[in-house]
$ cat protein.csv   # CSV, C-alpha atoms
chain,number,residue,atom,x,y,z
G,1123,MET,CA,15.5,-10.3,-21.9
G,1124,ARG,CA,11.7,-10.2,-22.5
G,1125,ASP,CA,11.2,-13.2,-20.2
G,1126,THR,CA,13.2,-11.5,-17.5
G,1127,PHE,CA,11.0,-8.3,-17.9
G,1128,PHE,CA,7.8,-10.3,-17.5
G,1129,PHE,CA,9.2,-12.3,-14.6
G,1130,ASN,CA,10.2,-9.1,-12.7
G,1131,VAL,CA,6.8,-7.4,-13.4
G,1132,GLU,CA,5.0,-10.6,-12.3
G,1133,TYR,CA,7.1,-10.8,-9.2
G,1134,GLY,CA,6.1,-7.2,-8.3
G,1135,VAL,CA,2.4,-8.1,-8.9
G,1136,TYR,CA,2.6,-11.2,-6.6
G,1137,HIS,CA,4.5,-9.3,-4.0
G,1138,VAL,CA,1.4,-7.1,-3.5
G,1139,LEU,CA,-1.2,-9.8,-4.0
G,1140,ASP,CA,0.5,-12.5,-1.8
G,1141,ILE,CA,-2.1,-13.7,0.6
G,1142,ASN,CA,0.6,-14.3,3.2
G,1143,ALA,CA,1.8,-10.7,3.1
G,1144,TYR,CA,-1.6,-9.1,3.3
G,1145,ASP,CA,-0.3,-6.0,5.1
G,1146,HIS,CA,0.2,-4.3,1.7
G,1147,VAL,CA,-3.4,-4.9,0.8
G,1148,LEU,CA,-4.6,-3.6,4.2
G,1149,PHE,CA,-2.7,-0.4,3.7
G,1150,LEU,CA,-4.1,0.1,0.2
G,1151,MET,CA,-7.6,-0.6,1.5
G,1152,VAL,CA,-7.4,2.1,4.3
G,1153,LEU,CA,-5.8,4.5,1.9
G,1154,THR,CA,-8.5,4.1,-0.7
G,1155,ILE,CA,-11.8,3.7,1.2
G,1156,PRO,CA,-12.4,7.4,1.7
G,1157,TYR,CA,-12.7,7.8,-2.1
G,1158,VAL,CA,-15.1,7.1,-4.9
G,1159,PHE,CA,-14.6,6.5,-8.6
G,1160,LYS,CA,-14.8,10.2,-9.5
G,1161,ASP,CA,-11.7,10.8,-7.3
G,1162,TRP,CA,-9.6,8.4,-9.4
G,1163,LYS,CA,-6.9,11.0,-10.3
G,1164,ARG,CA,-6.2,11.7,-6.6
G,1165,VAL,CA,-6.3,8.0,-5.8
G,1166,LEU,CA,-3.9,7.1,-8.7
G,1167,LEU,CA,-1.6,9.8,-7.5
G,1168,LEU,CA,-1.6,8.6,-3.9
G,1169,VAL,CA,-0.9,5.0,-5.0
G,1170,SER,CA,1.9,6.2,-7.2
G,1171,MET,CA,3.4,8.1,-4.3
G,1172,PHE,CA,3.3,4.9,-2.3
G,1173,THR,CA,5.0,3.0,-5.1
G,1174,LEU,CA,7.6,5.8,-5.5
G,1175,GLY,CA,8.4,5.5,-1.7
G,1176,HIS,CA,8.5,1.7,-1.9
G,1177,THR,CA,10.8,1.8,-4.9
G,1178,LEU,CA,13.1,4.5,-3.5
G,1179,SER,CA,13.7,2.5,-0.3
G,1180,LEU,CA,14.5,-0.6,-2.4
G,1181,VAL,CA,17.0,1.5,-4.4
G,1182,LEU,CA,18.6,2.8,-1.2
G,1183,ALA,CA,18.8,-0.7,0.3
G,1184,ALA,CA,20.0,-2.3,-2.9
G,1185,TYR,CA,22.9,0.1,-3.2
G,1186,HIS,CA,23.6,-0.2,0.6
G,1187,VAL,CA,22.8,3.5,1.3
G,1188,VAL,CA,20.5,2.4,4.2
G,1189,ALA,CA,20.3,-0.6,6.3
G,1190,VAL,CA,17.4,-0.9,8.8
G,1191,SER,CA,16.6,-3.7,11.3
G,1192,GLY,CA,14.1,-6.1,9.7
G,1193,VAL,CA,12.4,-6.5,13.1
G,1194,MET,CA,11.8,-2.8,13.4
G,1195,VAL,CA,10.5,-2.5,9.9
G,1196,GLU,CA,8.1,-5.4,10.4
G,1197,PHE,CA,6.8,-3.5,13.4
G,1198,LEU,CA,6.5,-0.2,11.6
G,1199,ILE,CA,4.6,-1.6,8.7
G,1200,PRO,CA,1.4,-2.4,10.8
G,1201,VAL,CA,1.9,1.0,12.6
G,1202,THR,CA,1.5,2.8,9.2
G,1203,ILE,CA,-1.7,0.8,8.5
G,1204,LEU,CA,-3.0,1.6,12.0
G,1205,ILE,CA,-2.3,5.3,11.7
G,1206,VAL,CA,-4.2,5.6,8.4
G,1207,ALA,CA,-7.1,3.4,9.7
G,1208,ILE,CA,-7.5,5.5,12.9
G,1209,TYR,CA,-7.2,8.7,10.8
G,1210,ASN,CA,-10.1,7.4,8.6
G,1211,VAL,CA,-12.3,6.7,11.7
G,1212,PHE,CA,-11.8,10.2,13.1
G,1213,THR,CA,-12.3,12.0,9.7
G,1214,ALA,CA,-15.0,9.8,8.2
G,1215,GLY,CA,-17.8,11.9,6.7
G,1216,ARG,CA,-15.9,15.2,7.1
G,1217,GLY,CA,-14.6,15.4,3.5
G,1218,ALA,CA,-11.0,14.9,4.7
G,1219,GLN,CA,-10.2,13.3,1.4
G,1220,LYS,CA,-10.9,16.7,-0.3
G,1221,GLU,CA,-8.4,18.6,1.7
G,1222,ARG,CA,-5.1,19.8,0.3
G,1223,VAL,CA,-2.9,16.9,-0.8
G,1224,GLY,CA,0.5,18.1,0.4
G,1225,LEU,CA,0.7,16.4,3.8
G,1226,LEU,CA,-1.3,13.4,2.7
G,1227,PHE,CA,1.0,12.7,-0.3
G,1228,LEU,CA,4.2,13.2,1.8
G,1229,THR,CA,2.9,10.8,4.5
G,1230,THR,CA,2.0,8.2,1.8
G,1231,LEU,CA,5.5,8.6,0.3
G,1232,PHE,CA,7.0,8.1,3.7
G,1233,PHE,CA,4.9,5.1,4.5
G,1234,GLY,CA,5.9,3.7,1.1
G,1235,LEU,CA,9.5,4.0,2.2
G,1236,ILE,CA,8.8,1.9,5.3
G,1237,HIS,CA,6.9,-0.8,3.3
G,1238,GLY,CA,9.7,-1.0,0.8
G,1239,LEU,CA,12.3,-1.6,3.4
G,1240,GLY,CA,10.2,-4.6,4.5
G,1241,PHE,CA,11.0,-6.2,1.2
G,1242,ALA,CA,14.7,-5.2,0.9
G,1243,SER,CA,16.1,-8.6,2.0
G,1244,GLN,CA,14.0,-10.5,-0.5
G,1245,PHE,CA,14.9,-8.0,-3.2
G,1246,HIS,CA,18.6,-8.7,-2.5
G,1247,MET,CA,18.1,-12.3,-3.3
G,1248,LEU,CA,16.2,-11.4,-6.5
G,1249,ALA,CA,19.0,-9.0,-7.6
G,1250,ASP,CA,21.7,-11.5,-7.1
G,1251,GLY,CA,20.8,-13.0,-10.5
G,1252,GLY,CA,23.1,-10.6,-12.3
G,1253,THR,CA,20.4,-8.3,-13.8
G,1254,HIS,CA,21.1,-4.6,-13.5
G,1255,LYS,CA,19.6,-3.6,-10.2
G,1256,LEU,CA,18.0,-0.4,-11.4
G,1257,VAL,CA,16.3,-2.1,-14.4
G,1258,LEU,CA,15.1,-4.8,-12.1
G,1259,LEU,CA,13.8,-2.3,-9.7
G,1260,LEU,CA,11.8,-0.4,-12.4
G,1261,GLU,CA,10.3,-3.6,-13.7
G,1262,PHE,CA,9.4,-4.7,-10.2
G,1263,ALA,CA,7.9,-1.3,-9.4
G,1264,LEU,CA,5.7,-1.6,-12.6
G,1265,GLY,CA,4.4,-4.9,-11.2
G,1266,ILE,CA,3.7,-3.3,-7.9
G,1267,GLU,CA,1.8,-0.4,-9.5
G,1268,ILE,CA,-0.3,-2.8,-11.6
G,1269,ALA,CA,-1.3,-4.9,-8.6
G,1270,GLN,CA,-2.0,-1.8,-6.5
G,1271,ILE,CA,-4.3,-0.4,-9.3
G,1272,ILE,CA,-6.2,-3.8,-9.3
G,1273,ILE,CA,-6.7,-3.6,-5.5
G,1274,VAL,CA,-7.7,0.1,-5.6
G,1275,PHE,CA,-10.3,-0.7,-8.4
G,1276,ILE,CA,-11.7,-3.6,-6.3
G,1277,VAL,CA,-12.0,-1.4,-3.2
G,1278,LEU,CA,-13.6,1.5,-5.1
G,1279,PHE,CA,-16.0,-1.0,-6.8
G,1280,LEU,CA,-17.0,-2.6,-3.5
G,1281,GLY,CA,-17.5,0.8,-2.0
G,1282,TYR,CA,-19.8,1.7,-4.9
G,1283,VAL,CA,-21.8,-1.5,-4.5
G,1284,ILE,CA,-22.1,-1.2,-0.7
G,1285,GLN,CA,-23.0,2.5,-0.8
G,1286,THR,CA,-25.4,2.3,-3.8
G,1287,ILE,CA,-27.1,-1.1,-3.6
G,1288,PHE,CA,-27.0,-1.7,0.2
G,1289,ARG,CA,-27.5,2.0,1.0
G,1290,PHE,CA,-24.5,2.2,3.4
G,1291,THR,CA,-23.5,5.8,4.0
G,1292,LYS,CA,-20.0,6.7,3.0
G,1293,ARG,CA,-19.2,7.5,6.6
G,1294,ASP,CA,-20.4,4.0,7.8
G,1295,TRP,CA,-18.4,2.3,5.0
G,1296,ILE,CA,-15.2,4.1,6.0
G,1297,ILE,CA,-15.7,3.5,9.7
G,1298,VAL,CA,-16.6,-0.2,9.3
G,1299,ILE,CA,-13.7,-1.1,7.0
G,1300,SER,CA,-11.2,1.0,9.0
G,1301,SER,CA,-12.4,-0.7,12.2
G,1302,ILE,CA,-12.0,-4.2,10.7
G,1303,VAL,CA,-8.5,-3.3,9.6
G,1304,ILE,CA,-7.6,-1.9,13.1
G,1305,GLY,CA,-8.9,-5.3,14.5
G,1306,LEU,CA,-6.6,-7.2,12.1
G,1307,VAL,CA,-3.5,-4.9,12.7
G,1308,ILE,CA,-3.5,-4.8,16.5
G,1309,PRO,CA,-2.7,-8.6,16.8
G,1310,MET,CA,0.1,-8.1,14.2
G,1311,LEU,CA,1.6,-5.4,16.4
G,1312,LEU,CA,1.3,-7.4,19.6
G,1313,ARG,CA,3.0,-10.4,18.0
G,1314,SER,CA,5.9,-8.3,16.8
G,1315,PRO,CA,9.3,-9.5,18.1
G,1316,PHE,CA,10.2,-5.7,18.4
G,1317,LEU,CA,7.9,-5.5,21.5
G,1318,LYS,CA,9.5,-8.4,23.2
$ encode --input "protein.csv" --output "structure tokens"
Amino acid sequence: MRDTFFFNVEYGVYHVLDINAYDHVLFLMVLTIPYVFKDWKRVLLLVSMFTLGHTLSLVLAAYHVVAVSGVMVEFLIPVTILIVAIYNVFTAGRGAQKERVGLLFLTTLFFGLIHGLGFASQFHMLADGGTHKLVLLLEFALGIEIAQIIIVFIVLFLGYVIQTIFRFTKRDWIIVISSIVIGLVIPMLLRSPFLK
């Protein structure tokens, strides 16, 4: 039982940190870069909303409540990253991260739903082992949350170093990183079978 718990948590961690599935990392980067360490409560809440959406979509898929085309989901995931990155570019330096959280949190929850659906088929294979699906989902979600907190900490730390030591303005940091992410995401969209 204990071994299964650690396996499922570890699986959640690797799902996020997998270098071949870097879309998750890109989304977390563009979600986090407008913030600094003192905003940690808001960032933690945002990341938790994303995890909640991710887990909810896995629950819906695991219990066959929703079934969505994998090709469409694989197209929508980079779209979510692109939307957040473009939003960052247009709002950089305007204190957009200080605005009311309602729409931002709902959008992050919705984007979490989309990202979770991208993992639904793999989760079905994991769930076939006979473990209770809900327990497995919660353990897996814990692993996702741990990995996301690691990524968020790294992004906040890099932002601190770049802005403090190298004297980048916060606005420049947000625009540069968001632009790099846009440059990485556009080819992902263009390669999507959904557009063919």
$ residues_around --input "protein.csv" --residues "Leu1174 in chain G" --least-positions-apart "4" --cutoff "10 Å" --atoms "all atoms listed in the file" --output "JSON, numbers by chain"
{"G": [1168, 1169, 1170, 1178, 1179, 1180, 1230, 1231, 1232, 1234, 1235, 1238, 1263, 1267]}
$ atom_distance --input "protein.csv" --atom1 "CA of Gly1281 in chain G" --atom2 "CA of Tyr1157 in chain G"
8.5 Å
$ atom_distance --input "protein.csv" --atom1 "CA of Val1135 in chain G" --atom2 "CA of Phe1275 in chain G"
14.7 Å
$ residues_near_point --input "protein.csv" --point "(-9.8, -5.4, 4.6)" --cutoff "7 Å" --atoms "only C-alpha atoms" --output "ChimeraX atom specification"
/G:1148,1151,1299,1302-1303
$ atom_distance --input "protein.csv" --atom1 "CA of Ser1191 in chain G" --atom2 "CA of Gly1265 in chain G"
25.6 Å
$ closest_residue --input "protein.csv" --among "G:Tyr1136, G:Tyr1144, G:Phe1233, G:Trp1295" --to "Pro1156 in chain G" --atoms "all atoms listed in the file"
G:Trp1295
$ closest_residue --input "protein.csv" --among "G:Phe1197, G:Phe1129, G:Phe1149, G:Tyr1185" --to "Ser1314 in chain G" --atoms "only C-alpha atoms"
G:Phe1197
$ residues_around --input "protein.csv" --residues "Leu1182 in chain G" --least-positions-apart "2" --cutoff "12 Å" --atoms "all atoms listed in the file" --output "PDB file with C-alpha atoms, keeping the file's coordinate frame"
ATOM      1  CA  GLY G1175       8.400   5.500  -1.700  1.00  0.00           C
ATOM      2  CA  HIS G1176       8.500   1.700  -1.900  1.00  0.00           C
ATOM      3  CA  THR G1177      10.800   1.800  -4.900  1.00  0.00           C
ATOM      4  CA  LEU G1178      13.100   4.500  -3.500  1.00  0.00           C
ATOM      5  CA  SER G1179      13.700   2.500  -0.300  1.00  0.00           C
ATOM      6  CA  LEU G1180      14.500  -0.600  -2.400  1.00  0.00           C
ATOM      7  CA  ALA G1184      20.000  -2.300  -2.900  1.00  0.00           C
ATOM      8  CA  TYR G1185      22.900   0.100  -3.200  1.00  0.00           C
ATOM      9  CA  HIS G1186      23.600  -0.200   0.600  1.00  0.00           C
ATOM     10  CA  VAL G1187      22.800   3.500   1.300  1.00  0.00           C
ATOM     11  CA  VAL G1188      20.500   2.400   4.200  1.00  0.00           C
ATOM     12  CA  ALA G1189      20.300  -0.600   6.300  1.00  0.00           C
ATOM     13  CA  VAL G1190      17.400  -0.900   8.800  1.00  0.00           C
ATOM     14  CA  LEU G1235       9.500   4.000   2.200  1.00  0.00           C
ATOM     15  CA  ILE G1236       8.800   1.900   5.300  1.00  0.00           C
ATOM     16  CA  GLY G1238       9.700  -1.000   0.800  1.00  0.00           C
ATOM     17  CA  LEU G1239      12.300  -1.600   3.400  1.00  0.00           C
ATOM     18  CA  ALA G1242      14.700  -5.200   0.900  1.00  0.00           C
ATOM     19  CA  PHE G1245      14.900  -8.000  -3.200  1.00  0.00           C
ATOM     20  CA  HIS G1246      18.600  -8.700  -2.500  1.00  0.00           C
ATOM     21  CA  LYS G1255      19.600  -3.600 -10.200  1.00  0.00           C
ATOM     22  CA  LEU G1256      18.000  -0.400 -11.400  1.00  0.00           C
ATOM     23  CA  LEU G1259      13.800  -2.300  -9.700  1.00  0.00           C
TER      24      LEU G1259
END
$ closest_residue --input "protein.csv" --among "G:Glu1261, G:Asp1294, G:Asp1145, G:Asp1161" --to "Glu1196 in chain G" --atoms "all atoms listed in the file"
G:Asp1145
$ closest_residue --input "protein.csv" --among "G:Ala1143, G:Leu1311, G:Val1158, G:Val1131" --to "Gly1240 in chain G" --atoms "only C-alpha atoms"
G:Ala1143
$ closest_residue --input "protein.csv" --among "G:Val1181, G:Thr1229, G:Thr1173, G:Val1165" --to "Leu1258 in chain G" --atoms "all atoms listed in the file"
G:Val1181
$ closest_residue --input "protein.csv" --among "G:Val1277, G:Leu1225, G:Ala1207, G:Phe1241" --to "Val1307 in chain G" --atoms "only C-alpha atoms"
G:Ala1207
$ residues_around --input "protein.csv" --residues "Phe1212 in chain G" --least-positions-apart "6" --cutoff "12 Å" --atoms "all atoms listed in the file" --output "compact mmCIF listing (two decimals) with C-alpha atoms, keeping the file's coordinate frame"
# COMPACT_ATOMS: atom_id res chain seq x y z
CA PRO G 1156 -12.40 7.40 1.70
CA ILE G 1205 -2.30 5.30 11.70
CA VAL G 1206 -4.20 5.60 8.40
CA ALA G 1218 -11.00 14.90 4.70
CA ARG G 1293 -19.20 7.50 6.60
CA ASP G 1294 -20.40 4.00 7.80
CA ILE G 1296 -15.20 4.10 6.00
CA ILE G 1297 -15.70 3.50 9.70
CA SER G 1300 -11.20 1.00 9.00
CA SER G 1301 -12.40 -0.70 12.20
$ decode --input "protein.csv" --residues "range 1141-1184 of chain G" --atoms "N, CA and C atoms" --output "PDB file, in the first residue's frame"
ATOM      1  N   ILE G1141      10.727  15.680 -19.624  1.00  0.00           N
ATOM      2  CA  ILE G1141      11.314  16.582 -20.613  1.00  0.00           C
ATOM      3  C   ILE G1141      10.632  16.447 -21.982  1.00  0.00           C
ATOM      4  N   ASN G1142      10.039  15.284 -22.244  1.00  0.00           N
ATOM      5  CA  ASN G1142       9.348  15.072 -23.524  1.00  0.00           C
ATOM      6  C   ASN G1142       7.948  15.675 -23.537  1.00  0.00           C
ATOM      7  N   ALA G1143       7.451  16.051 -22.364  1.00  0.00           N
ATOM      8  CA  ALA G1143       6.119  16.658 -22.270  1.00  0.00           C
ATOM      9  C   ALA G1143       6.263  18.018 -21.602  1.00  0.00           C
ATOM     10  N   TYR G1144       7.095  18.858 -22.202  1.00  0.00           N
ATOM     11  CA  TYR G1144       7.440  20.138 -21.572  1.00  0.00           C
ATOM     12  C   TYR G1144       6.334  21.178 -21.650  1.00  0.00           C
ATOM     13  N   ASP G1145       5.205  20.847 -22.283  1.00  0.00           N
ATOM     14  CA  ASP G1145       4.102  21.807 -22.365  1.00  0.00           C
ATOM     15  C   ASP G1145       3.605  22.211 -20.976  1.00  0.00           C
ATOM     16  N   HIS G1146       3.624  21.271 -20.042  1.00  0.00           N
ATOM     17  CA  HIS G1146       3.190  21.544 -18.666  1.00  0.00           C
ATOM     18  C   HIS G1146       4.109  22.588 -18.026  1.00  0.00           C
ATOM     19  N   VAL G1147       5.416  22.402 -18.237  1.00  0.00           N
ATOM     20  CA  VAL G1147       6.410  23.332 -17.686  1.00  0.00           C
ATOM     21  C   VAL G1147       6.243  24.714 -18.315  1.00  0.00           C
ATOM     22  N   LEU G1148       6.027  24.758 -19.634  1.00  0.00           N
ATOM     23  CA  LEU G1148       5.841  26.047 -20.320  1.00  0.00           C
ATOM     24  C   LEU G1148       4.630  26.790 -19.767  1.00  0.00           C
ATOM     25  N   PHE G1149       3.539  26.055 -19.538  1.00  0.00           N
ATOM     26  CA  PHE G1149       2.340  26.700 -18.997  1.00  0.00           C
ATOM     27  C   PHE G1149       2.627  27.283 -17.609  1.00  0.00           C
ATOM     28  N   LEU G1150       3.287  26.502 -16.763  1.00  0.00           N
ATOM     29  CA  LEU G1150       3.603  26.982 -15.411  1.00  0.00           C
ATOM     30  C   LEU G1150       4.539  28.188 -15.443  1.00  0.00           C
ATOM     31  N   MET G1151       5.471  28.191 -16.404  1.00  0.00           N
ATOM     32  CA  MET G1151       6.385  29.333 -16.539  1.00  0.00           C
ATOM     33  C   MET G1151       5.623  30.616 -16.840  1.00  0.00           C
ATOM     34  N   VAL G1152       4.749  30.570 -17.863  1.00  0.00           N
ATOM     35  CA  VAL G1152       4.039  31.797 -18.237  1.00  0.00           C
ATOM     36  C   VAL G1152       3.004  32.197 -17.180  1.00  0.00           C
ATOM     37  N   LEU G1153       2.534  31.226 -16.426  1.00  0.00           N
ATOM     38  CA  LEU G1153       1.603  31.524 -15.340  1.00  0.00           C
ATOM     39  C   LEU G1153       2.322  32.229 -14.187  1.00  0.00           C
ATOM     40  N   THR G1154       3.583  31.873 -13.963  1.00  0.00           N
ATOM     41  CA  THR G1154       4.334  32.324 -12.792  1.00  0.00           C
ATOM     42  C   THR G1154       5.148  33.596 -13.013  1.00  0.00           C
ATOM     43  N   ILE G1155       5.668  33.833 -14.225  1.00  0.00           N
ATOM     44  CA  ILE G1155       6.644  34.924 -14.413  1.00  0.00           C
ATOM     45  C   ILE G1155       6.171  36.329 -14.024  1.00  0.00           C
ATOM     46  N   PRO G1156       4.865  36.644 -14.023  1.00  0.00           N
ATOM     47  CA  PRO G1156       4.503  37.994 -13.584  1.00  0.00           C
ATOM     48  C   PRO G1156       4.668  38.219 -12.075  1.00  0.00           C
ATOM     49  N   TYR G1157       5.013  37.168 -11.320  1.00  0.00           N
ATOM     50  CA  TYR G1157       5.022  37.255  -9.863  1.00  0.00           C
ATOM     51  C   TYR G1157       6.428  37.235  -9.278  1.00  0.00           C
ATOM     52  N   VAL G1158       6.521  37.642  -8.017  1.00  0.00           N
ATOM     53  CA  VAL G1158       7.766  37.567  -7.243  1.00  0.00           C
ATOM     54  C   VAL G1158       7.464  36.782  -5.965  1.00  0.00           C
ATOM     55  N   PHE G1159       8.521  36.507  -5.190  1.00  0.00           N
ATOM     56  CA  PHE G1159       8.366  35.664  -3.999  1.00  0.00           C
ATOM     57  C   PHE G1159       7.305  36.167  -3.029  1.00  0.00           C
ATOM     58  N   LYS G1160       7.177  37.483  -2.883  1.00  0.00           N
ATOM     59  CA  LYS G1160       6.196  37.998  -1.918  1.00  0.00           C
ATOM     60  C   LYS G1160       4.751  37.701  -2.334  1.00  0.00           C
ATOM     61  N   ASP G1161       4.547  37.324  -3.617  1.00  0.00           N
ATOM     62  CA  ASP G1161       3.216  36.956  -4.107  1.00  0.00           C
ATOM     63  C   ASP G1161       2.941  35.463  -3.951  1.00  0.00           C
ATOM     64  N   TRP G1162       3.711  34.771  -3.109  1.00  0.00           N
ATOM     65  CA  TRP G1162       3.668  33.316  -3.071  1.00  0.00           C
ATOM     66  C   TRP G1162       2.277  32.748  -2.784  1.00  0.00           C
ATOM     67  N   LYS G1163       1.477  33.442  -1.981  1.00  0.00           N
ATOM     68  CA  LYS G1163       0.134  32.916  -1.672  1.00  0.00           C
ATOM     69  C   LYS G1163      -0.727  32.867  -2.931  1.00  0.00           C
ATOM     70  N   ARG G1164      -0.683  33.936  -3.709  1.00  0.00           N
ATOM     71  CA  ARG G1164      -1.474  33.994  -4.940  1.00  0.00           C
ATOM     72  C   ARG G1164      -0.983  32.945  -5.941  1.00  0.00           C
ATOM     73  N   VAL G1165       0.339  32.810  -6.057  1.00  0.00           N
ATOM     74  CA  VAL G1165       0.915  31.838  -6.987  1.00  0.00           C
ATOM     75  C   VAL G1165       0.526  30.423  -6.579  1.00  0.00           C
ATOM     76  N   LEU G1166       0.637  30.124  -5.293  1.00  0.00           N
ATOM     77  CA  LEU G1166       0.276  28.791  -4.790  1.00  0.00           C
ATOM     78  C   LEU G1166      -1.197  28.496  -5.067  1.00  0.00           C
ATOM     79  N   LEU G1167      -2.043  29.499  -4.877  1.00  0.00           N
ATOM     80  CA  LEU G1167      -3.472  29.342  -5.138  1.00  0.00           C
ATOM     81  C   LEU G1167      -3.734  29.100  -6.632  1.00  0.00           C
ATOM     82  N   LEU G1168      -3.038  29.848  -7.487  1.00  0.00           N
ATOM     83  CA  LEU G1168      -3.186  29.670  -8.937  1.00  0.00           C
ATOM     84  C   LEU G1168      -2.772  28.264  -9.360  1.00  0.00           C
ATOM     85  N   VAL G1169      -1.621  27.832  -8.872  1.00  0.00           N
ATOM     86  CA  VAL G1169      -1.111  26.501  -9.215  1.00  0.00           C
ATOM     87  C   VAL G1169      -2.065  25.427  -8.704  1.00  0.00           C
ATOM     88  N   SER G1170      -2.622  25.635  -7.513  1.00  0.00           N
ATOM     89  CA  SER G1170      -3.582  24.670  -6.957  1.00  0.00           C
ATOM     90  C   SER G1170      -4.866  24.623  -7.784  1.00  0.00           C
ATOM     91  N   MET G1171      -5.292  25.772  -8.312  1.00  0.00           N
ATOM     92  CA  MET G1171      -6.467  25.799  -9.200  1.00  0.00           C
ATOM     93  C   MET G1171      -6.189  24.987 -10.462  1.00  0.00           C
ATOM     94  N   PHE G1172      -4.975  25.120 -10.986  1.00  0.00           N
ATOM     95  CA  PHE G1172      -4.578  24.362 -12.171  1.00  0.00           C
ATOM     96  C   PHE G1172      -4.587  22.863 -11.860  1.00  0.00           C
ATOM     97  N   THR G1173      -4.044  22.486 -10.704  1.00  0.00           N
ATOM     98  CA  THR G1173      -4.036  21.069 -10.285  1.00  0.00           C
ATOM     99  C   THR G1173      -5.462  20.554 -10.112  1.00  0.00           C
ATOM    100  N   LEU G1174      -6.325  21.386  -9.507  1.00  0.00           N
ATOM    101  CA  LEU G1174      -7.720  20.998  -9.309  1.00  0.00           C
ATOM    102  C   LEU G1174      -8.401  20.727 -10.646  1.00  0.00           C
ATOM    103  N   GLY G1175      -8.209  21.626 -11.613  1.00  0.00           N
ATOM    104  CA  GLY G1175      -8.783  21.422 -12.947  1.00  0.00           C
ATOM    105  C   GLY G1175      -8.238  20.175 -13.596  1.00  0.00           C
ATOM    106  N   HIS G1176      -6.940  19.977 -13.485  1.00  0.00           N
ATOM    107  CA  HIS G1176      -6.255  18.808 -14.048  1.00  0.00           C
ATOM    108  C   HIS G1176      -6.838  17.528 -13.461  1.00  0.00           C
ATOM    109  N   THR G1177      -6.976  17.500 -12.131  1.00  0.00           N
ATOM    110  CA  THR G1177      -7.488  16.312 -11.441  1.00  0.00           C
ATOM    111  C   THR G1177      -8.966  16.080 -11.751  1.00  0.00           C
ATOM    112  N   LEU G1178      -9.740  17.157 -11.798  1.00  0.00           N
ATOM    113  CA  LEU G1178     -11.168  17.038 -12.097  1.00  0.00           C
ATOM    114  C   LEU G1178     -11.395  16.428 -13.475  1.00  0.00           C
ATOM    115  N   SER G1179     -10.618  16.852 -14.456  1.00  0.00           N
ATOM    116  CA  SER G1179     -10.794  16.288 -15.794  1.00  0.00           C
ATOM    117  C   SER G1179     -10.403  14.816 -15.832  1.00  0.00           C
ATOM    118  N   LEU G1180      -9.390  14.436 -15.022  1.00  0.00           N
ATOM    119  CA  LEU G1180      -9.020  13.020 -14.948  1.00  0.00           C
ATOM    120  C   LEU G1180     -10.130  12.196 -14.300  1.00  0.00           C
ATOM    121  N   VAL G1181     -10.770  12.757 -13.260  1.00  0.00           N
ATOM    122  CA  VAL G1181     -11.897  12.069 -12.617  1.00  0.00           C
ATOM    123  C   VAL G1181     -13.027  11.867 -13.628  1.00  0.00           C
ATOM    124  N   LEU G1182     -13.366  12.932 -14.361  1.00  0.00           N
ATOM    125  CA  LEU G1182     -14.446  12.852 -15.351  1.00  0.00           C
ATOM    126  C   LEU G1182     -14.127  11.841 -16.446  1.00  0.00           C
ATOM    127  N   ALA G1183     -12.861  11.803 -16.873  1.00  0.00           N
ATOM    128  CA  ALA G1183     -12.454  10.852 -17.913  1.00  0.00           C
ATOM    129  C   ALA G1183     -12.400   9.431 -17.364  1.00  0.00           C
ATOM    130  N   ALA G1184     -11.876   9.281 -16.136  1.00  0.00           N
ATOM    131  CA  ALA G1184     -11.737   7.948 -15.536  1.00  0.00           C
ATOM    132  C   ALA G1184     -13.083   7.277 -15.319  1.00  0.00           C
TER     133      ALA G1184
END
